[in-house]
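**Q** The structure file entry.cif (mmCIF, C-alpha atoms) is provided below.
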data_structure
#
loop_
_atom_site.group_PDB
_atom_site.id
_atom_site.type_symbol
_atom_site.label_atom_id
_atom_site.label_comp_id
_atom_site.auth_asym_id
_atom_site.auth_seq_id
_atom_site.Cartn_x
_atom_site.Cartn_y
_atom_site.Cartn_z
ATOM 1 C CA MET A 811 19.568 4.381 -26.144
ATOM 2 C CA HIS A 812 16.666 6.639 -27.031
ATOM 3 C CA THR A 813 17.860 10.245 -27.234
ATOM 4 C CA GLY A 814 14.679 11.871 -28.434
ATOM 5 C CA SER A 815 15.983 12.667 -31.903
ATOM 6 C CA GLU A 816 15.030 9.304 -33.400
ATOM 7 C CA ALA A 817 11.637 8.691 -34.930
ATOM 8 C CA LEU A 818 9.283 6.976 -32.511
ATOM 9 C CA SER A 819 8.417 4.274 -35.015
ATOM 10 C CA GLY A 820 9.660 1.356 -32.947
ATOM 11 C CA PRO A 821 12.829 -0.646 -32.496
ATOM 12 C CA THR A 822 15.557 -0.711 -35.119
ATOM 13 C CA PRO A 823 16.512 -4.033 -36.765
ATOM 14 C CA HIS A 824 19.477 -4.244 -34.358
ATOM 15 C CA ASP A 825 17.118 -3.703 -31.402
ATOM 16 C CA GLU A 826 14.767 -6.371 -32.812
ATOM 17 C CA THR A 827 17.600 -8.923 -32.843
ATOM 18 C CA GLU A 828 18.599 -8.047 -29.276
ATOM 19 C CA MET A 829 14.966 -8.130 -28.203
ATOM 20 C CA ARG A 830 14.381 -11.589 -29.673
ATOM 21 C CA ALA A 831 17.579 -12.854 -27.997
ATOM 22 C CA MET A 832 16.522 -11.408 -24.619
ATOM 23 C CA VAL A 833 13.026 -12.896 -24.885
ATOM 24 C CA LYS A 834 14.519 -16.284 -25.796
ATOM 25 C CA ILE A 835 16.822 -16.206 -22.751
ATOM 26 C CA VAL A 836 13.953 -15.242 -20.430
ATOM 27 C CA LYS A 837 11.637 -17.921 -21.827
ATOM 28 C CA SER A 838 14.389 -20.534 -21.532
ATOM 29 C CA ALA A 839 14.916 -19.670 -17.855
ATOM 30 C CA LEU A 840 11.171 -19.757 -17.134
ATOM 31 C CA ASP A 841 10.882 -23.119 -18.908
ATOM 32 C CA GLU A 842 13.807 -24.470 -16.889
ATOM 33 C CA TRP A 843 12.063 -23.376 -13.675
ATOM 34 C CA ASN A 844 8.787 -24.965 -14.906
ATOM 35 C CA LEU A 845 6.895 -21.671 -14.676
ATOM 36 C CA LYS A 846 3.813 -21.252 -16.845
ATOM 37 C CA TYR A 847 3.924 -17.860 -18.551
ATOM 38 C CA SER A 848 2.269 -15.903 -21.298
ATOM 39 C CA GLU A 849 3.408 -13.134 -23.602
ATOM 40 C CA VAL A 850 1.635 -9.814 -23.317
ATOM 41 C CA ASN A 851 1.207 -7.706 -26.426
ATOM 42 C CA ASP A 852 -0.618 -4.592 -25.314
ATOM 43 C CA ALA A 853 0.229 -1.683 -27.617
ATOM 44 C CA ARG A 854 -1.737 0.683 -25.364
ATOM 45 C CA CYS A 855 0.574 -0.034 -22.455
ATOM 46 C CA GLN A 856 4.066 -0.530 -23.858
ATOM 47 C CA PRO A 857 4.166 -0.450 -27.675
ATOM 48 C CA ASN A 858 6.911 -2.566 -29.263
ATOM 49 C CA ILE A 859 8.143 -3.794 -25.883
ATOM 50 C CA PRO A 860 7.957 -7.541 -25.210
ATOM 51 C CA MET A 861 6.348 -8.422 -21.909
ATOM 52 C CA ILE A 862 5.962 -11.785 -20.214
ATOM 53 C CA THR A 863 3.696 -12.452 -17.265
ATOM 54 C CA PHE A 864 3.413 -15.355 -14.838
ATOM 55 C CA GLY A 865 2.181 -16.101 -11.343
ATOM 56 C CA MET A 866 4.303 -17.021 -8.346
ATOM 57 C CA ASN A 867 3.391 -18.465 -4.985
ATOM 58 C CA GLY A 868 5.138 -17.161 -1.896
ATOM 59 C CA ASP A 869 4.895 -18.428 1.660
ATOM 60 C CA THR A 870 2.063 -16.035 2.511
ATOM 61 C CA LEU A 871 1.071 -14.462 -0.799
ATOM 62 C CA ASN A 872 0.475 -15.354 -4.426
ATOM 63 C CA TYR A 873 1.446 -12.606 -6.813
ATOM 64 C CA GLN A 874 1.688 -11.772 -10.497
ATOM 65 C CA VAL A 875 5.043 -11.026 -12.130
ATOM 66 C CA LEU A 876 5.442 -8.930 -15.266
ATOM 67 C CA LEU A 877 8.769 -8.827 -17.126
ATOM 68 C CA SER A 878 9.258 -5.915 -19.517
ATOM 69 C CA MET A 879 12.180 -5.798 -21.960
ATOM 70 C CA ASP A 880 12.724 -2.336 -23.441
ATOM 71 C CA MET A 881 15.747 -2.710 -25.705
ATOM 72 C CA GLU A 882 15.452 0.819 -27.112
ATOM 73 C CA ASP A 883 16.147 2.308 -23.685
ATOM 74 C CA ASP A 884 18.180 -0.733 -22.489
ATOM 75 C CA ILE A 885 15.859 -1.464 -19.553
ATOM 76 C CA PHE A 886 14.797 -4.835 -18.172
ATOM 77 C CA ALA A 887 12.044 -4.290 -15.600
ATOM 78 C CA VAL A 888 10.348 -6.694 -13.196
ATOM 79 C CA TYR A 889 7.013 -5.829 -11.578
ATOM 80 C CA TYR A 890 5.586 -7.903 -8.716
ATOM 81 C CA SER A 891 1.863 -7.187 -8.218
ATOM 82 C CA SER A 892 -0.163 -8.218 -5.211
ATOM 83 C CA PRO A 893 -3.631 -9.597 -5.908
ATOM 84 C CA THR A 894 -4.804 -7.831 -2.745
ATOM 85 C CA LYS A 895 -6.031 -4.279 -3.271
ATOM 86 C CA VAL A 896 -5.798 -1.600 -0.585
ATOM 87 C CA ASP A 897 -9.162 -0.171 0.441
ATOM 88 C CA GLU A 898 -9.615 3.451 -0.595
ATOM 89 C CA GLN A 899 -9.688 4.705 2.999
ATOM 90 C CA TYR A 900 -6.163 3.330 3.646
ATOM 91 C CA ARG A 901 -4.437 4.279 0.369
ATOM 92 C CA ALA A 902 -2.965 7.581 1.557
ATOM 93 C CA ALA A 903 -1.498 5.924 4.677
ATOM 94 C CA VAL A 904 -0.068 3.036 2.629
ATOM 95 C CA ALA A 905 1.414 5.492 0.112
ATOM 96 C CA GLU A 906 3.148 7.354 2.944
ATOM 97 C CA TYR A 907 4.375 4.058 4.413
ATOM 98 C CA PHE A 908 5.824 3.048 1.033
ATOM 99 C CA MET A 909 7.483 6.460 0.718
ATOM 100 C CA ARG A 910 9.229 5.879 4.043
ATOM 101 C CA ILE A 911 10.300 2.356 3.044
ATOM 102 C CA ASN A 912 11.477 3.451 -0.411
ATOM 103 C CA TYR A 913 13.780 6.052 1.118
ATOM 104 C CA ASN A 914 15.978 3.205 2.392
ATOM 105 C CA VAL A 915 15.566 0.717 -0.467
ATOM 106 C CA MET A 916 18.671 0.683 -2.647
ATOM 107 C CA LEU A 917 17.236 -1.154 -5.643
ATOM 108 C CA GLY A 918 13.584 -1.008 -6.637
ATOM 109 C CA HIS A 919 10.584 0.582 -5.003
ATOM 110 C CA PHE A 920 7.033 -0.025 -3.803
ATOM 111 C CA ASP A 921 4.078 1.599 -5.621
ATOM 112 C CA ILE A 922 0.396 1.934 -4.939
ATOM 113 C CA ASP A 923 -2.089 2.878 -7.639
ATOM 114 C CA ALA A 924 -4.316 5.541 -6.085
ATOM 115 C CA ARG A 925 -7.097 4.690 -8.544
ATOM 116 C CA ASP A 926 -7.650 1.046 -7.592
ATOM 117 C CA GLY A 927 -5.331 0.256 -4.664
ATOM 118 C CA GLU A 928 -3.031 -2.080 -6.613
ATOM 119 C CA VAL A 929 0.257 -2.659 -4.795
ATOM 120 C CA ARG A 930 3.427 -3.594 -6.628
ATOM 121 C CA PHE A 931 7.169 -3.706 -6.263
ATOM 122 C CA LYS A 932 9.243 -2.656 -9.266
ATOM 123 C CA VAL A 933 12.916 -3.307 -9.900
ATOM 124 C CA PHE A 934 14.856 -2.738 -13.098
ATOM 125 C CA ALA A 935 18.305 -3.121 -14.582
ATOM 126 C CA ILE A 936 20.106 -1.381 -17.392
ATOM 127 C CA VAL A 937 21.142 -3.985 -19.981
ATOM 128 C CA LYS A 938 23.761 -3.504 -22.666
#
Render the structure in this file as structure tokens.

**A**
Amino acid sequence: MHTGSEALSGPTPHDETEMRAMVKIVKSALDEWNLKYSEVNDARCQPNIPMITFGMNGDTLNYQVLLSMDMEDDIFAVYYSSPTKVDEQYRAAVAEYFMRINYNVMLGHFDIDARDGEVRFKVFAIVK
């Protein structure tokens, strides 16, 4: 786990091995479920953290899923993003609504990006 005293130069060789193993497991599961995915390598967003993205179709909504595997901090995160953006005039009301919902959600939470109205649900797990 990152304690702040380590150099911020990226994962250690041990972390690299764990990271590759985690990515392999995730890709294997996605292949088994016949989901088309792509790897995201955006150093501006999450340097040295493997990310995989794919689309999913729900009963009433299609959404984008982003998997983030941060082995340095032992976090596996899943983000579900809605393709529908909230109009600027409704963002404050939606943010308050999400705050009220999140108060009772035990695992994960809803977010809204005040800049562009993107809505997402985020859930994460600590992995060891």

**Q** Please write as a tab-separated table (two decimals) with C-alpha atoms, keeping the file's coordinate frame the full residue list that the PyMOL selection byres ((chain A and resi 845) around 12) yields on this file.

**A**
chain	number	residue	atom	x	y	z
A	836	VAL	CA	13.95	-15.24	-20.43
A	837	LYS	CA	11.64	-17.92	-21.83
A	838	SER	CA	14.39	-20.53	-21.53
A	839	ALA	CA	14.92	-19.67	-17.86
A	840	LEU	CA	11.17	-19.76	-17.13
A	841	ASP	CA	10.88	-23.12	-18.91
A	842	GLU	CA	13.81	-24.47	-16.89
A	843	TRP	CA	12.06	-23.38	-13.68
A	844	ASN	CA	8.79	-24.96	-14.91
A	846	LYS	CA	3.81	-21.25	-16.84
A	847	TYR	CA	3.92	-17.86	-18.55
A	848	SER	CA	2.27	-15.90	-21.30
A	862	ILE	CA	5.96	-11.78	-20.21
A	863	THR	CA	3.70	-12.45	-17.26
A	864	PHE	CA	3.41	-15.36	-14.84
A	865	GLY	CA	2.18	-16.10	-11.34
A	866	MET	CA	4.30	-17.02	-8.35
A	867	ASN	CA	3.39	-18.46	-4.99
A	874	GLN	CA	1.69	-11.77	-10.50
A	875	VAL	CA	5.04	-11.03	-12.13

**Q** Taking the file as shown, find all residues satisfying the PyMOL selection byres ((chain A and resi 903-917) around 12) and write them as a PyMOL selection string.

**A** chain A and resi 887-888+895-902+918-924+927-935

**Q** Next, dump the selected residues to file, keeping only C-alpha atoms, as a PDB file, keeping the file's coordinate frame.

**A**
ATOM      1  CA  ALA A 887      12.044  -4.290 -15.600  1.00  0.00           C
ATOM      2  CA  VAL A 888      10.348  -6.694 -13.196  1.00  0.00           C
ATOM      3  CA  LYS A 895      -6.031  -4.279  -3.271  1.00  0.00           C
ATOM      4  CA  VAL A 896      -5.798  -1.600  -0.585  1.00  0.00           C
ATOM      5  CA  ASP A 897      -9.162  -0.171   0.441  1.00  0.00           C
ATOM      6  CA  GLU A 898      -9.615   3.451  -0.595  1.00  0.00           C
ATOM      7  CA  GLN A 899      -9.688   4.705   2.999  1.00  0.00           C
ATOM      8  CA  TYR A 900      -6.163   3.330   3.646  1.00  0.00           C
ATOM      9  CA  ARG A 901      -4.437   4.279   0.369  1.00  0.00           C
ATOM     10  CA  ALA A 902      -2.965   7.581   1.557  1.00  0.00           C
ATOM     11  CA  GLY A 918      13.584  -1.008  -6.637  1.00  0.00           C
ATOM     12  CA  HIS A 919      10.584   0.582  -5.003  1.00  0.00           C
ATOM     13  CA  PHE A 920       7.033  -0.025  -3.803  1.00  0.00           C
ATOM     14  CA  ASP A 921       4.078   1.599  -5.621  1.00  0.00           C
ATOM     15  CA  ILE A 922       0.396   1.934  -4.939  1.00  0.00           C
ATOM     16  CA  ASP A 923      -2.089   2.878  -7.639  1.00  0.00           C
ATOM     17  CA  ALA A 924      -4.316   5.541  -6.085  1.00  0.00           C
ATOM     18  CA  GLY A 927      -5.331   0.256  -4.664  1.00  0.00           C
ATOM     19  CA  GLU A 928      -3.031  -2.080  -6.613  1.00  0.00           C
ATOM     20  CA  VAL A 929       0.257  -2.659  -4.795  1.00  0.00           C
ATOM     21  CA  ARG A 930       3.427  -3.594  -6.628  1.00  0.00           C
ATOM     22  CA  PHE A 931       7.169  -3.706  -6.263  1.00  0.00           C
ATOM     23  CA  LYS A 932       9.243  -2.656  -9.266  1.00  0.00           C
ATOM     24  CA  VAL A 933      12.916  -3.307  -9.900  1.00  0.00           C
ATOM     25  CA  PHE A 934      14.856  -2.738 -13.098  1.00  0.00           C
ATOM     26  CA  ALA A 935      18.305  -3.121 -14.582  1.00  0.00           C
TER      27      ALA A 935
END

**Q** Quick one: residues within 10 Å of A:Arg830, all atoms listed in the file counted, chain neighbours fewer than 6 positions away excluded, as a VMD selection string?

**A** chain A and resid 836 860 879 881

**Q** For atom CA of A:Lys834 and atom CA of A:Asp869, determine how far apart the two atoms are, in Å to one decimal place.

**A** 29.2 Å

**Q** If I take atom CA of A:Tyr889 and atom CA of A:Ile936, how far is one from the other in Å, to one decimal?

**A**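 Separation of atom CA of A:Tyr889 and atom CA of A:Ile936: 15.0 Å.
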
**Q** Produce the centre coordinates and the three edge lengths, each in Å to one decimal, of the box along x, y and z that contains all listed atoms of stretch 890-894 of chain A with 5 Å added on each side, as lines of an AutoDock Vina configuration file.

**A**
center_x = 0.4
center_y = -8.4
center_z = -5.7
size_x = 20.4
size_y = 12.4
size_z = 16.0

**Q** If I take atom CA of A:Met832 and atom CA of A:Asn872, how far is one from the other in Å, to one decimal?

**A** 26.1 Å

**Q** Hey, which of A:Glu849, A:Leu871, A:Ile835, A:Leu877 ends up closest to A:Pro893? Count all atoms listed in the file.

**A** A:Leu871

**Q** Between A:Asn851, A:Val937, A:Ile859, A:Asp926, which is the closest to A:Phe886 once you count only C-alpha atoms?

**A**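 Residue with the minimum atom-to-atom distance to A:Phe886: A:Val937.
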